[in-house]
Structures are given as structure tokens and as C-alpha cells.
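Novice: Pasting entry.cif below, which is mmCIF, C-alpha atoms and all ligand atoms.
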```
data_run
#
loop_
_atom_site.group_PDB
_atom_site.id
_atom_site.type_symbol
_atom_site.label_atom_id
_atom_site.label_comp_id
_atom_site.auth_asym_id
_atom_site.auth_seq_id
_atom_site.Cartn_x
_atom_site.Cartn_y
_atom_site.Cartn_z
ATOM 1 C CA MET A 1 -91.695 30.180 -34.908
ATOM 2 C CA ALA A 2 -90.375 30.899 -38.376
ATOM 3 C CA THR A 3 -88.301 28.524 -40.525
ATOM 4 C CA PRO A 4 -85.437 29.438 -42.894
ATOM 5 C CA HIS A 5 -88.000 29.462 -45.735
ATOM 6 C CA ASN A 6 -91.233 30.606 -44.117
ATOM 7 C CA GLN A 7 -91.655 33.636 -41.845
ATOM 8 C CA ALA A 8 -95.183 32.676 -40.695
ATOM 9 C CA GLU A 9 -95.894 32.181 -37.024
ATOM 10 C CA ARG A 10 -97.616 28.938 -36.055
ATOM 11 C CA GLY A 11 -101.347 29.530 -36.280
ATOM 12 C CA GLN A 12 -101.118 31.815 -39.302
ATOM 13 C CA ILE A 13 -101.494 28.896 -41.728
ATOM 14 C CA ALA A 14 -104.788 27.002 -42.035
ATOM 15 C CA GLU A 15 -105.094 23.217 -41.670
ATOM 16 C CA SER A 16 -105.877 22.963 -45.409
ATOM 17 C CA ILE A 17 -103.648 24.511 -48.066
ATOM 18 C CA LEU A 18 -103.590 24.776 -51.853
ATOM 19 C CA LEU A 19 -100.140 24.550 -53.402
ATOM 20 C CA PRO A 20 -99.520 26.028 -56.865
ATOM 21 C CA GLY A 21 -95.945 25.950 -58.158
ATOM 22 C CA ASP A 22 -95.884 29.647 -59.022
ATOM 23 C CA PRO A 23 -95.998 32.082 -56.078
ATOM 24 C CA LEU A 24 -97.765 34.679 -58.246
ATOM 25 C CA ARG A 25 -100.436 32.030 -58.840
ATOM 26 C CA ALA A 26 -100.760 31.818 -55.052
ATOM 27 C CA ARG A 27 -101.318 35.580 -54.940
ATOM 28 C CA PHE A 28 -103.869 35.380 -57.777
ATOM 29 C CA ILE A 29 -105.764 32.603 -55.980
ATOM 30 C CA ALA A 30 -105.743 34.566 -52.708
ATOM 31 C CA GLU A 31 -106.996 37.721 -54.443
ATOM 32 C CA HIS A 32 -109.664 36.067 -56.608
ATOM 33 C CA PHE A 33 -110.895 33.042 -54.646
ATOM 34 C CA LEU A 34 -110.383 33.840 -50.938
ATOM 35 C CA GLU A 35 -111.950 36.476 -48.700
ATOM 36 C CA GLU A 36 -109.941 38.585 -46.232
ATOM 37 C CA ALA A 37 -106.671 37.017 -47.444
ATOM 38 C CA GLN A 38 -103.574 37.952 -45.439
ATOM 39 C CA CYS A 39 -100.035 37.332 -46.677
ATOM 40 C CA PHE A 40 -97.986 35.163 -44.276
ATOM 41 C CA ASN A 41 -94.778 34.637 -46.247
ATOM 42 C CA GLN A 42 -92.492 36.646 -48.496
ATOM 43 C CA VAL A 43 -89.211 34.800 -47.929
ATOM 44 C CA ARG A 44 -87.648 34.101 -51.369
ATOM 45 C CA ASN A 45 -90.854 35.634 -52.790
ATOM 46 C CA MET A 46 -92.558 32.297 -52.073
ATOM 47 C CA LEU A 47 -95.833 34.045 -51.329
ATOM 48 C CA GLY A 48 -98.320 32.455 -48.953
ATOM 49 C CA TYR A 49 -101.769 33.654 -47.869
ATOM 50 C CA THR A 50 -104.546 32.639 -45.506
ATOM 51 C CA GLY A 51 -108.164 33.636 -46.076
ATOM 52 C CA PHE A 52 -111.668 32.203 -46.201
ATOM 53 C CA TYR A 53 -113.574 30.178 -48.801
ATOM 54 C CA LYS A 54 -117.283 29.806 -48.044
ATOM 55 C CA GLY A 55 -116.500 30.546 -44.404
ATOM 56 C CA LYS A 56 -113.750 27.888 -44.150
ATOM 57 C CA ARG A 57 -110.206 28.999 -43.326
ATOM 58 C CA ILE A 58 -107.932 27.975 -46.217
ATOM 59 C CA SER A 59 -104.316 28.848 -47.105
ATOM 60 C CA VAL A 60 -102.506 28.981 -50.421
ATOM 61 C CA MET A 61 -98.740 29.062 -50.984
ATOM 62 C CA GLY A 62 -96.298 28.650 -53.874
ATOM 63 C CA THR A 63 -93.977 25.643 -53.831
ATOM 64 C CA GLY A 64 -91.503 26.356 -56.620
ATOM 65 C CA MET A 65 -90.689 23.711 -59.216
ATOM 66 C CA GLY A 66 -89.545 20.165 -58.611
ATOM 67 C CA CYS A 67 -89.441 17.658 -55.776
ATOM 68 C CA PRO A 68 -86.656 19.335 -53.748
ATOM 69 C CA SER A 69 -88.550 22.631 -53.594
ATOM 70 C CA ILE A 70 -92.026 21.272 -52.767
ATOM 71 C CA GLY A 71 -90.272 18.810 -50.442
ATOM 72 C CA ILE A 72 -88.930 21.658 -48.303
ATOM 73 C CA TYR A 73 -92.102 23.748 -48.183
ATOM 74 C CA SER A 74 -94.494 20.854 -47.591
ATOM 75 C CA HIS A 75 -92.258 19.365 -44.876
ATOM 76 C CA GLU A 76 -92.328 22.650 -42.971
ATOM 77 C CA LEU A 77 -96.062 23.119 -43.517
ATOM 78 C CA ILE A 78 -96.722 19.674 -42.064
ATOM 79 C CA HIS A 79 -94.180 19.554 -39.253
ATOM 80 C CA GLU A 80 -93.827 23.221 -38.194
ATOM 81 C CA TYR A 81 -97.300 24.552 -38.992
ATOM 82 C CA GLY A 82 -99.555 21.536 -38.436
ATOM 83 C CA VAL A 83 -101.104 21.513 -41.931
ATOM 84 C CA LYS A 84 -103.270 18.417 -42.436
ATOM 85 C CA ASN A 85 -104.610 18.659 -46.005
ATOM 86 C CA LEU A 86 -102.247 19.625 -48.847
ATOM 87 C CA ILE A 87 -103.663 19.976 -52.347
ATOM 88 C CA ARG A 88 -101.273 20.698 -55.183
ATOM 89 C CA VAL A 89 -102.872 22.647 -58.042
ATOM 90 C CA GLY A 90 -100.761 22.715 -61.172
ATOM 91 C CA SER A 91 -100.366 21.979 -64.827
ATOM 92 C CA CYS A 92 -99.116 18.843 -66.527
ATOM 93 C CA GLY A 93 -98.219 17.536 -69.964
ATOM 94 C CA SER A 94 -100.313 14.644 -71.358
ATOM 95 C CA ILE A 95 -98.481 11.507 -72.487
ATOM 96 C CA GLN A 96 -101.619 9.618 -73.621
ATOM 97 C CA GLU A 97 -103.447 10.487 -76.831
ATOM 98 C CA PRO A 98 -106.938 10.310 -75.227
ATOM 99 C CA VAL A 99 -105.904 12.714 -72.419
ATOM 100 C CA LYS A 100 -106.715 16.093 -73.965
ATOM 101 C CA VAL A 101 -105.453 19.577 -73.207
ATOM 102 C CA GLY A 102 -107.897 21.263 -70.826
ATOM 103 C CA ASP A 103 -108.784 17.997 -69.058
ATOM 104 C CA LEU A 104 -108.377 17.742 -65.289
ATOM 105 C CA ILE A 105 -106.056 15.055 -63.958
ATOM 106 C CA MET A 106 -106.239 13.746 -60.425
ATOM 107 C CA ALA A 107 -103.075 11.917 -59.481
ATOM 108 C CA MET A 108 -104.060 8.697 -57.713
ATOM 109 C CA GLY A 109 -100.384 7.798 -57.789
ATOM 110 C CA ALA A 110 -97.075 9.410 -58.670
ATOM 111 C CA CYS A 111 -93.905 7.821 -60.078
ATOM 112 C CA THR A 112 -90.505 9.465 -60.189
ATOM 113 C CA ASP A 113 -87.276 9.369 -62.184
ATOM 114 C CA GLY A 114 -85.613 10.915 -59.129
ATOM 115 C CA ASN A 115 -84.439 9.611 -55.787
ATOM 116 C CA TYR A 116 -86.656 11.361 -53.236
ATOM 117 C CA ALA A 117 -87.653 8.185 -51.371
ATOM 118 C CA HIS A 118 -84.016 7.108 -50.945
ATOM 119 C CA GLN A 119 -84.029 8.936 -47.591
ATOM 120 C CA TYR A 120 -86.405 6.361 -46.063
ATOM 121 C CA GLY A 121 -84.025 3.432 -46.515
ATOM 122 C CA LEU A 122 -86.749 1.201 -47.945
ATOM 123 C CA PRO A 123 -85.833 -2.252 -49.216
ATOM 124 C CA GLY A 124 -87.668 -1.649 -52.520
ATOM 125 C CA THR A 125 -89.443 0.896 -54.710
ATOM 126 C CA TYR A 126 -91.922 3.203 -52.968
ATOM 127 C CA SER A 127 -95.268 3.712 -54.686
ATOM 128 C CA ALA A 128 -96.468 7.223 -53.777
ATOM 129 C CA THR A 129 -100.234 7.616 -53.574
ATOM 130 C CA ALA A 130 -102.764 10.339 -52.921
ATOM 131 C CA SER A 131 -105.064 10.468 -49.922
ATOM 132 C CA TYR A 132 -108.036 8.364 -50.986
ATOM 133 C CA GLU A 133 -110.361 10.633 -48.980
ATOM 134 C CA LEU A 134 -109.238 13.791 -50.796
ATOM 135 C CA LEU A 135 -109.200 11.971 -54.135
ATOM 136 C CA ALA A 136 -112.727 10.576 -53.754
ATOM 137 C CA ARG A 137 -114.059 13.996 -52.801
ATOM 138 C CA ALA A 138 -112.286 15.740 -55.705
ATOM 139 C CA VAL A 139 -113.624 13.153 -58.162
ATOM 140 C CA LYS A 140 -117.153 13.759 -56.854
ATOM 141 C CA GLU A 141 -116.775 17.556 -57.128
ATOM 142 C CA ALA A 142 -115.498 17.282 -60.721
ATOM 143 C CA GLY A 143 -118.186 14.746 -61.664
ATOM 144 C CA ASP A 144 -121.009 16.838 -60.184
ATOM 145 C CA ARG A 145 -119.878 19.754 -62.385
ATOM 146 C CA LYS A 146 -119.401 17.563 -65.460
ATOM 147 C CA PHE A 147 -115.804 18.700 -65.846
ATOM 148 C CA PRO A 148 -113.741 16.402 -68.102
ATOM 149 C CA TYR A 149 -111.335 14.542 -65.827
ATOM 150 C CA GLU A 150 -109.139 11.457 -65.595
ATOM 151 C CA VAL A 151 -107.817 9.701 -62.474
ATOM 152 C CA GLY A 152 -104.577 7.755 -62.567
ATOM 153 C CA ASN A 153 -100.836 7.623 -62.278
ATOM 154 C CA VAL A 154 -98.527 10.538 -63.186
ATOM 155 C CA LEU A 155 -94.777 11.042 -63.488
ATOM 156 C CA SER A 156 -93.131 13.557 -61.166
ATOM 157 C CA SER A 157 -90.041 14.157 -63.263
ATOM 158 C CA ASP A 158 -86.815 15.834 -62.188
ATOM 159 C CA LEU A 159 -86.357 16.815 -65.843
ATOM 160 C CA PHE A 160 -88.235 19.314 -67.969
ATOM 161 C CA TYR A 161 -85.704 19.269 -70.793
ATOM 162 C CA THR A 162 -84.420 15.784 -71.588
ATOM 163 C CA GLU A 163 -81.655 14.606 -73.910
ATOM 164 C CA THR A 164 -83.602 11.451 -74.655
ATOM 165 C CA PRO A 165 -87.412 11.279 -74.573
ATOM 166 C CA GLU A 166 -88.264 9.122 -71.565
ATOM 167 C CA TRP A 167 -92.028 9.677 -71.666
ATOM 168 C CA LYS A 168 -92.831 6.811 -74.058
ATOM 169 C CA GLN A 169 -91.680 4.144 -71.614
ATOM 170 C CA TRP A 170 -93.763 5.735 -68.835
ATOM 171 C CA ALA A 171 -96.744 5.979 -71.188
ATOM 172 C CA ARG A 172 -96.491 2.227 -71.780
ATOM 173 C CA MET A 173 -96.983 1.746 -68.017
ATOM 174 C CA GLY A 174 -100.277 3.620 -68.282
ATOM 175 C CA LEU A 175 -99.184 6.947 -66.792
ATOM 176 C CA LEU A 176 -101.422 9.826 -67.850
ATOM 177 C CA SER A 177 -99.145 12.841 -67.697
ATOM 178 C CA ILE A 178 -95.930 14.463 -66.499
ATOM 179 C CA GLU A 179 -95.460 17.111 -63.835
ATOM 180 C CA MET A 180 -92.648 17.660 -61.353
ATOM 181 C CA GLU A 181 -93.761 17.743 -57.704
ATOM 182 C CA SER A 182 -96.406 15.225 -56.561
ATOM 183 C CA TYR A 183 -94.063 12.351 -55.675
ATOM 184 C CA ALA A 184 -92.305 14.373 -52.965
ATOM 185 C CA LEU A 185 -95.575 15.814 -51.685
ATOM 186 C CA TYR A 186 -97.111 12.338 -51.391
ATOM 187 C CA CYS A 187 -93.998 10.947 -49.685
ATOM 188 C CA ASN A 188 -93.951 13.738 -47.097
ATOM 189 C CA ALA A 189 -97.679 13.465 -46.417
ATOM 190 C CA SER A 190 -97.667 9.658 -46.141
ATOM 191 C CA ARG A 191 -94.643 9.680 -43.860
ATOM 192 C CA ALA A 192 -96.412 12.163 -41.558
ATOM 193 C CA GLY A 193 -99.889 10.599 -41.738
ATOM 194 C CA VAL A 194 -101.572 13.637 -43.305
ATOM 195 C CA ARG A 195 -103.556 13.994 -46.538
ATOM 196 C CA ALA A 196 -102.261 15.092 -49.947
ATOM 197 C CA LEU A 197 -103.613 15.223 -53.484
ATOM 198 C CA GLY A 198 -102.391 16.593 -56.817
ATOM 199 C CA ILE A 199 -104.923 18.078 -59.252
ATOM 200 C CA PHE A 200 -103.757 19.376 -62.630
ATOM 201 C CA THR A 201 -105.004 20.950 -65.796
ATOM 202 C CA VAL A 202 -103.435 19.445 -68.903
ATOM 203 C CA SER A 203 -101.632 22.462 -70.362
ATOM 204 C CA ASP A 204 -99.975 20.671 -73.268
ATOM 205 C CA SER A 205 -99.788 17.309 -74.996
ATOM 206 C CA ILE A 206 -96.354 15.783 -75.323
ATOM 207 C CA VAL A 207 -97.932 13.279 -77.768
ATOM 208 C CA THR A 208 -99.466 15.747 -80.227
ATOM 209 C CA GLY A 209 -97.634 19.014 -79.437
ATOM 210 C CA GLU A 210 -100.987 20.702 -78.811
ATOM 211 C CA ALA A 211 -101.080 23.446 -76.119
ATOM 212 C CA LEU A 212 -103.878 25.384 -74.417
ATOM 213 C CA SER A 213 -104.694 28.891 -75.608
ATOM 214 C CA ALA A 214 -104.687 31.635 -72.970
ATOM 215 C CA ALA A 215 -108.508 31.547 -72.767
ATOM 216 C CA GLU A 216 -108.626 27.736 -72.462
ATOM 217 C CA ARG A 217 -105.910 27.890 -69.821
ATOM 218 C CA GLN A 218 -108.089 30.231 -67.744
ATOM 219 C CA THR A 219 -111.182 27.978 -68.043
ATOM 220 C CA GLY A 220 -109.182 24.905 -67.049
ATOM 221 C CA PHE A 221 -107.621 26.790 -64.167
ATOM 222 C CA THR A 222 -110.995 27.969 -62.850
ATOM 223 C CA SER A 223 -112.424 24.401 -62.972
ATOM 224 C CA MET A 224 -109.386 23.031 -61.140
ATOM 225 C CA MET A 225 -109.668 25.765 -58.489
ATOM 226 C CA GLU A 226 -113.353 25.018 -57.878
ATOM 227 C CA VAL A 227 -112.610 21.312 -57.377
ATOM 228 C CA ALA A 228 -109.596 22.025 -55.144
ATOM 229 C CA LEU A 229 -111.326 24.647 -52.988
ATOM 230 C CA GLU A 230 -114.485 22.564 -52.506
ATOM 231 C CA THR A 231 -112.333 19.562 -51.551
ATOM 232 C CA ALA A 232 -110.213 21.615 -49.130
ATOM 233 C CA ALA A 233 -113.320 23.153 -47.573
ATOM 234 C CA ALA A 234 -114.900 19.712 -47.080
ATOM 235 C CA PHE A 235 -111.925 18.677 -44.915
ATOM 236 C CA THR A 236 -111.740 21.916 -42.899
ATOM 237 C CA ASP A 237 -113.672 22.538 -39.654
HETATM 238 N N1 LIG B 301 -93.129 18.330 -68.060
HETATM 239 C C1 LIG B 301 -93.121 18.601 -66.769
HETATM 240 N N2 LIG B 301 -94.004 19.388 -66.178
HETATM 241 C C2 LIG B 301 -94.963 19.944 -66.938
HETATM 242 C C3 LIG B 301 -95.025 19.699 -68.310
HETATM 243 C C4 LIG B 301 -94.065 18.842 -68.892
HETATM 244 O O1 LIG B 301 -94.049 18.583 -70.099
HETATM 245 N N3 LIG B 301 -96.086 20.394 -68.794
HETATM 246 C C5 LIG B 301 -96.656 21.047 -67.748
HETATM 247 N N4 LIG B 301 -95.978 20.762 -66.625
#
```
Could you quickly redo this structure as C-alpha cells?
Specialist:
Amino acid sequence: MATPHNQAERGQIAESILLPGDPLRARFIAEHFLEEAQCFNQVRNMLGYTGFYKGKRISVMGTGMGCPSIGIYSHELIHEYGVKNLIRVGSCGSIQEPVKVGDLIMAMGACTDGNYAHQYGLPGTYSATASYELLARAVKEAGDRKFPYEVGNVLSSDLFYTETPEWKQWARMGLLSIEMESYALYCNASRAGVRALGIFTVSDSIVTGEALSAAERQTGFTSMMEVALETAAAFTD
């Protein structure tokens, strides 16, 4: 049973999925980290694959950028394909001086400058949080490997280019970094009673203007993938 955005049949997608923003990243992950990977989606070039990691069946699919895009794909993954564990793997920009490029960030919570939660008709402001189970496992995996990581709140912004810099006010609330998708992912997962987590490599510092070199980007990416895959595998039968 395909959707307008995903041609997969039910059963072709594993119960645990990694979600990079870039569909070519999804292909790279499938080709370099999964065994026997099969492509399940090509609609809008939003490539998705299912394969095996250490014998556990795991999927990976691009989400596109921003809350509307990951909102669509994750909603279908949860409600049409029965996915139970959704782990976003991405990059983010640091808004705290001590949070260095190359560090891993695990988003315990996500804030937004958008309106994604408006749909729920809540009489207040929704605080979007990660699955504690996935988060605790990811923290353990990163700690065991001595990867540099921070756990905290992030901003899922609707804006990449802004007329006025809004990051300083968010930084004063203790947020670690900015990305663009976790708030919607956490809302969809919480609403459906499934697990979600966002893990990021800090690709640039909005505070200092520093950015990762290509080699550093690869190292950070590989560390993030190890943490994400081990966490996904731990929650997969
Ligand atoms: N803003 C939003 N998303 C990002 C950034 C940023 O500065 N850096 C990496 N992902």
C-alpha cells in the first residue's frame, strides 16, 4: 500500500529507521553501513533502503529539510508502515561557545520558531522531547566509545537564512544548537506513542564562524552513524 510520497509496500520498511535529511546520505549509509540493502523508495528521489546491521533489519531514508518535509515522511513511516524507532541523523550549528564543531549532540528536547504543534489544539506550548529509552542508549554508546558529546535542548528552526539573528535569545535559554527537523519528528512520534531521537554532528559554529573540514566532517559522521546504528539495533528484534 503505497502513499503519495513513498512507493514501498508495507513490510518493506524495518521497525527501526535512520533518517538523514539528504537522500544521497541515505544511499551512502545503505551502501557503506548496511548489508544486502534494497531500495524501497524513489518517489521525489527521496531514497529509502532496508538492509541489515549486525544481523538486525534496519532501514534508512531521506527526509528533506524542515519540519513540513520530515513531518510528512515520518507520519507515513509511523502510520502506514508501522515504524517504531525513528532516529534522525543530521548536522547542526552550535550556538554555545563550549559546543565545538565535530561534537555529537543528542537532542533531549526540541524547540521551534514554527507552528507545527498548532494542529493538536493544545491550550499551551508543547515541549517536544526525545524517547528517553533511545536517548539513554545513545548516550551509553557514545560514552563507551569516548566520543565527545552533549545532551540537551536544540532549536528546530523554520529559517536557515534570517533577517535578524534569533539564535542569541535561544542561546540564553540554554539551547545547544540549531537544526530544522527534530520538533516535528518528536511531535509525530509522541502523538503516536513510538520512539524518536535526533543525533547530530556539529558542522559549524554560529558563535565563532568555525566550520568542519571535509575530513573532520567524515570522522564526525562515522561516529554519529555508529551511535545511531547501535541504538537502532538495540531496539530491533
Ligand atoms: N541552521 C539550521 N540548520 C543547520 C545549521 C544552521 O545553522 N547548521 C547545520 N544545520
Novice: Where does the PyMOL selection byres (((not hetatm)) within 8 of (chain B and resi 301)) land in this file, that is, which residues does it pick, as a ChimeraX atom specification?
Specialist: /A:90-94,156-157,159-161,177-180,202-206
Novice: Would you compute the distance between atom CA of Leu34 of chain A and atom CA of Gly220 of chain A? Give it in Å to one decimal.
Specialist: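 Between atom CA of Leu34 of chain A and atom CA of Gly220 of chain A the gap works out to 18.5 Å.
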Novice: Show me, as JSON, numbers by chain, the residues that have an atom within 9 Å of Tyr132 of chain A when counting all atoms listed in the file, minus same-chain residues fewer than 3 positions from it.
Specialist: {"A": [108, 129, 135, 136, 137, 195, 196, 197]}
Novice: Kindly provide, as a list of chain:residue names, the polymer residues lying within 12 Å of (-115.2, 20.8, -42.2), counting all atoms listed in the file and using the coordinates exactly as they appear in the file.
Specialist: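 Selection result: A:Glu15, A:Ser16, A:Tyr53, A:Lys54, A:Gly55, A:Lys56, A:Arg57, A:Ile58, A:Asn85, A:Glu230, A:Thr231, A:Ala232, A:Ala233, A:Ala234, A:Phe235, A:Thr236, A:Asp237.
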Novice: Please compute the atom CA of Gly21 of chain A-atom CA of Pro148 of chain A distance, one decimal, in Å.
Specialist: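 Interatomic distance, atom CA of Gly21 of chain A to atom CA of Pro148 of chain A: 22.5 Å.
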Novice: Just the number, please: distance in Å from atom CA of Ala138 of chain A to atom CA of Gln12 of chain A, one decimal.
Specialist: 25.5 Å
Novice: Name every residue that the PyMOL selection byres (((chain A and resi 36) around 9) and not hetatm) selects in this structure, writing the answer as a PDB file with C-alpha atoms, keeping the file's coordinate frame with chains first and numbers rising.
Specialist:
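Output file expr_31.pdb follows:
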```
ATOM      1  CA  ALA A  30    -105.743  34.566 -52.708  1.00  0.00           C
ATOM      2  CA  GLU A  31    -106.996  37.721 -54.443  1.00  0.00           C
ATOM      3  CA  LEU A  34    -110.383  33.840 -50.938  1.00  0.00           C
ATOM      4  CA  GLU A  35    -111.950  36.476 -48.700  1.00  0.00           C
ATOM      5  CA  ALA A  37    -106.671  37.017 -47.444  1.00  0.00           C
ATOM      6  CA  GLN A  38    -103.574  37.952 -45.439  1.00  0.00           C
ATOM      7  CA  THR A  50    -104.546  32.639 -45.506  1.00  0.00           C
ATOM      8  CA  GLY A  51    -108.164  33.636 -46.076  1.00  0.00           C
ATOM      9  CA  PHE A  52    -111.668  32.203 -46.201  1.00  0.00           C
TER      10      PHE A  52
END
```
Novice: Counting all atoms listed in the file, figure out which residue out of A:Gln218, A:Thr3, A:Asn153, A:Gln42 gets nearest to Leu24 of chain A.
Specialist: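 Comparing A:Gln218, A:Thr3, A:Asn153, A:Gln42 against Leu24 of chain A, the winner is A:Gln42.
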Novice: Written as a ChimeraX atom specification, which residues does the PyMOL selection byres (((chain A and resi 68) around 12) and not hetatm) give for the file shown?
Specialist: /A:63-67,69-75,114-117,156-158,180-185,187-188
Novice: Looking at A:Leu77, A:Val60, A:Leu18, A:Ile29, which one is nearest to Ala192 of chain A, with distances taken over only C-alpha atoms?
Specialist: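 Closest candidate: A:Leu77.
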Novice: Taking 4 positions as the minimum chain separation for residues in the same chain, which residues sit within 9 Å of Arg10 of chain A when counting all atoms listed in the file? Answer as an MDAnalysis selection string.
Specialist: chainID A and resid 1:2 80:82
Novice: Restricted to all heavy atoms, what does segment 118-127 of chain A look like when written out as a PDB file, in the first residue's frame?
Specialist:
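Dumped to part24.pdb:
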```
ATOM      1  N   HIS A 118       0.535  23.423  16.393  1.00  0.00           N
ATOM      2  CA  HIS A 118      -0.775  24.102  16.339  1.00  0.00           C
ATOM      3  C   HIS A 118      -1.899  23.117  16.042  1.00  0.00           C
ATOM      4  O   HIS A 118      -3.010  23.228  16.577  1.00  0.00           O
ATOM      5  CB  HIS A 118      -0.730  25.190  15.264  1.00  0.00           C
ATOM      6  CG  HIS A 118      -2.039  25.891  15.053  1.00  0.00           C
ATOM      7  ND1 HIS A 118      -2.517  26.822  15.947  1.00  0.00           N
ATOM      8  CD2 HIS A 118      -2.974  25.776  14.078  1.00  0.00           C
ATOM      9  CE1 HIS A 118      -3.697  27.264  15.505  1.00  0.00           C
ATOM     10  NE2 HIS A 118      -3.991  26.638  14.385  1.00  0.00           N
ATOM     11  N   GLN A 119      -1.590  22.121  15.197  1.00  0.00           N
ATOM     12  CA  GLN A 119      -2.578  21.124  14.766  1.00  0.00           C
ATOM     13  C   GLN A 119      -3.228  20.373  15.931  1.00  0.00           C
ATOM     14  O   GLN A 119      -4.334  19.861  15.781  1.00  0.00           O
ATOM     15  CB  GLN A 119      -1.911  20.122  13.821  1.00  0.00           C
ATOM     16  CG  GLN A 119      -0.768  19.360  14.490  1.00  0.00           C
ATOM     17  CD  GLN A 119      -0.099  18.365  13.551  1.00  0.00           C
ATOM     18  OE1 GLN A 119      -0.755  17.553  12.925  1.00  0.00           O
ATOM     19  NE2 GLN A 119       1.219  18.449  13.440  1.00  0.00           N
ATOM     20  N   TYR A 120      -2.562  20.293  17.076  1.00  0.00           N
ATOM     21  CA  TYR A 120      -3.097  19.485  18.179  1.00  0.00           C
ATOM     22  C   TYR A 120      -4.097  20.246  19.051  1.00  0.00           C
ATOM     23  O   TYR A 120      -4.715  19.663  19.937  1.00  0.00           O
ATOM     24  CB  TYR A 120      -1.948  18.953  19.049  1.00  0.00           C
ATOM     25  CG  TYR A 120      -0.891  18.205  18.243  1.00  0.00           C
ATOM     26  CD1 TYR A 120       0.425  18.664  18.185  1.00  0.00           C
ATOM     27  CD2 TYR A 120      -1.225  17.061  17.511  1.00  0.00           C
ATOM     28  CE1 TYR A 120       1.387  17.998  17.437  1.00  0.00           C
ATOM     29  CE2 TYR A 120      -0.268  16.388  16.759  1.00  0.00           C
ATOM     30  CZ  TYR A 120       1.034  16.868  16.726  1.00  0.00           C
ATOM     31  OH  TYR A 120       1.971  16.211  15.977  1.00  0.00           O
ATOM     32  N   GLY A 121      -4.214  21.551  18.818  1.00  0.00           N
ATOM     33  CA  GLY A 121      -5.192  22.331  19.579  1.00  0.00           C
ATOM     34  C   GLY A 121      -4.898  22.382  21.069  1.00  0.00           C
ATOM     35  O   GLY A 121      -5.813  22.365  21.893  1.00  0.00           O
ATOM     36  N   LEU A 122      -3.629  22.417  21.430  1.00  0.00           N
ATOM     37  CA  LEU A 122      -3.251  22.398  22.845  1.00  0.00           C
ATOM     38  C   LEU A 122      -3.442  23.771  23.486  1.00  0.00           C
ATOM     39  O   LEU A 122      -3.181  24.786  22.844  1.00  0.00           O
ATOM     40  CB  LEU A 122      -1.777  21.984  22.975  1.00  0.00           C
ATOM     41  CG  LEU A 122      -1.437  20.606  22.405  1.00  0.00           C
ATOM     42  CD1 LEU A 122       0.065  20.441  22.276  1.00  0.00           C
ATOM     43  CD2 LEU A 122      -2.033  19.512  23.275  1.00  0.00           C
ATOM     44  N   PRO A 123      -3.840  23.789  24.740  1.00  0.00           N
ATOM     45  CA  PRO A 123      -4.040  25.077  25.410  1.00  0.00           C
ATOM     46  C   PRO A 123      -2.736  25.638  25.988  1.00  0.00           C
ATOM     47  O   PRO A 123      -2.722  26.170  27.093  1.00  0.00           O
ATOM     48  CB  PRO A 123      -5.036  24.722  26.519  1.00  0.00           C
ATOM     49  CG  PRO A 123      -4.737  23.295  26.842  1.00  0.00           C
ATOM     50  CD  PRO A 123      -4.274  22.650  25.574  1.00  0.00           C
ATOM     51  N   GLY A 124      -1.632  25.508  25.269  1.00  0.00           N
ATOM     52  CA  GLY A 124      -0.341  25.997  25.758  1.00  0.00           C
ATOM     53  C   GLY A 124       0.763  25.700  24.769  1.00  0.00           C
ATOM     54  O   GLY A 124       0.487  25.446  23.593  1.00  0.00           O
ATOM     55  N   THR A 125       1.997  25.699  25.249  1.00  0.00           N
ATOM     56  CA  THR A 125       3.164  25.496  24.386  1.00  0.00           C
ATOM     57  C   THR A 125       3.681  24.082  24.559  1.00  0.00           C
ATOM     58  O   THR A 125       4.012  23.675  25.676  1.00  0.00           O
ATOM     59  CB  THR A 125       4.276  26.489  24.788  1.00  0.00           C
ATOM     60  OG1 THR A 125       3.721  27.798  24.772  1.00  0.00           O
ATOM     61  CG2 THR A 125       5.452  26.417  23.837  1.00  0.00           C
ATOM     62  N   TYR A 126       3.746  23.307  23.486  1.00  0.00           N
ATOM     63  CA  TYR A 126       4.180  21.914  23.585  1.00  0.00           C
ATOM     64  C   TYR A 126       5.701  21.808  23.621  1.00  0.00           C
ATOM     65  O   TYR A 126       6.399  22.357  22.769  1.00  0.00           O
ATOM     66  CB  TYR A 126       3.636  21.085  22.424  1.00  0.00           C
ATOM     67  CG  TYR A 126       4.043  19.635  22.526  1.00  0.00           C
ATOM     68  CD1 TYR A 126       3.541  18.837  23.549  1.00  0.00           C
ATOM     69  CD2 TYR A 126       4.946  19.073  21.632  1.00  0.00           C
ATOM     70  CE1 TYR A 126       3.924  17.508  23.677  1.00  0.00           C
ATOM     71  CE2 TYR A 126       5.330  17.750  21.749  1.00  0.00           C
ATOM     72  CZ  TYR A 126       4.814  16.970  22.773  1.00  0.00           C
ATOM     73  OH  TYR A 126       5.199  15.666  22.894  1.00  0.00           O
ATOM     74  N   SER A 127       6.196  21.074  24.615  1.00  0.00           N
ATOM     75  CA  SER A 127       7.620  20.819  24.758  1.00  0.00           C
ATOM     76  C   SER A 127       7.926  19.455  24.141  1.00  0.00           C
ATOM     77  O   SER A 127       7.518  18.421  24.677  1.00  0.00           O
ATOM     78  CB  SER A 127       7.950  20.838  26.248  1.00  0.00           C
ATOM     79  OG  SER A 127       9.257  20.428  26.462  1.00  0.00           O
TER      80      SER A 127
END
```
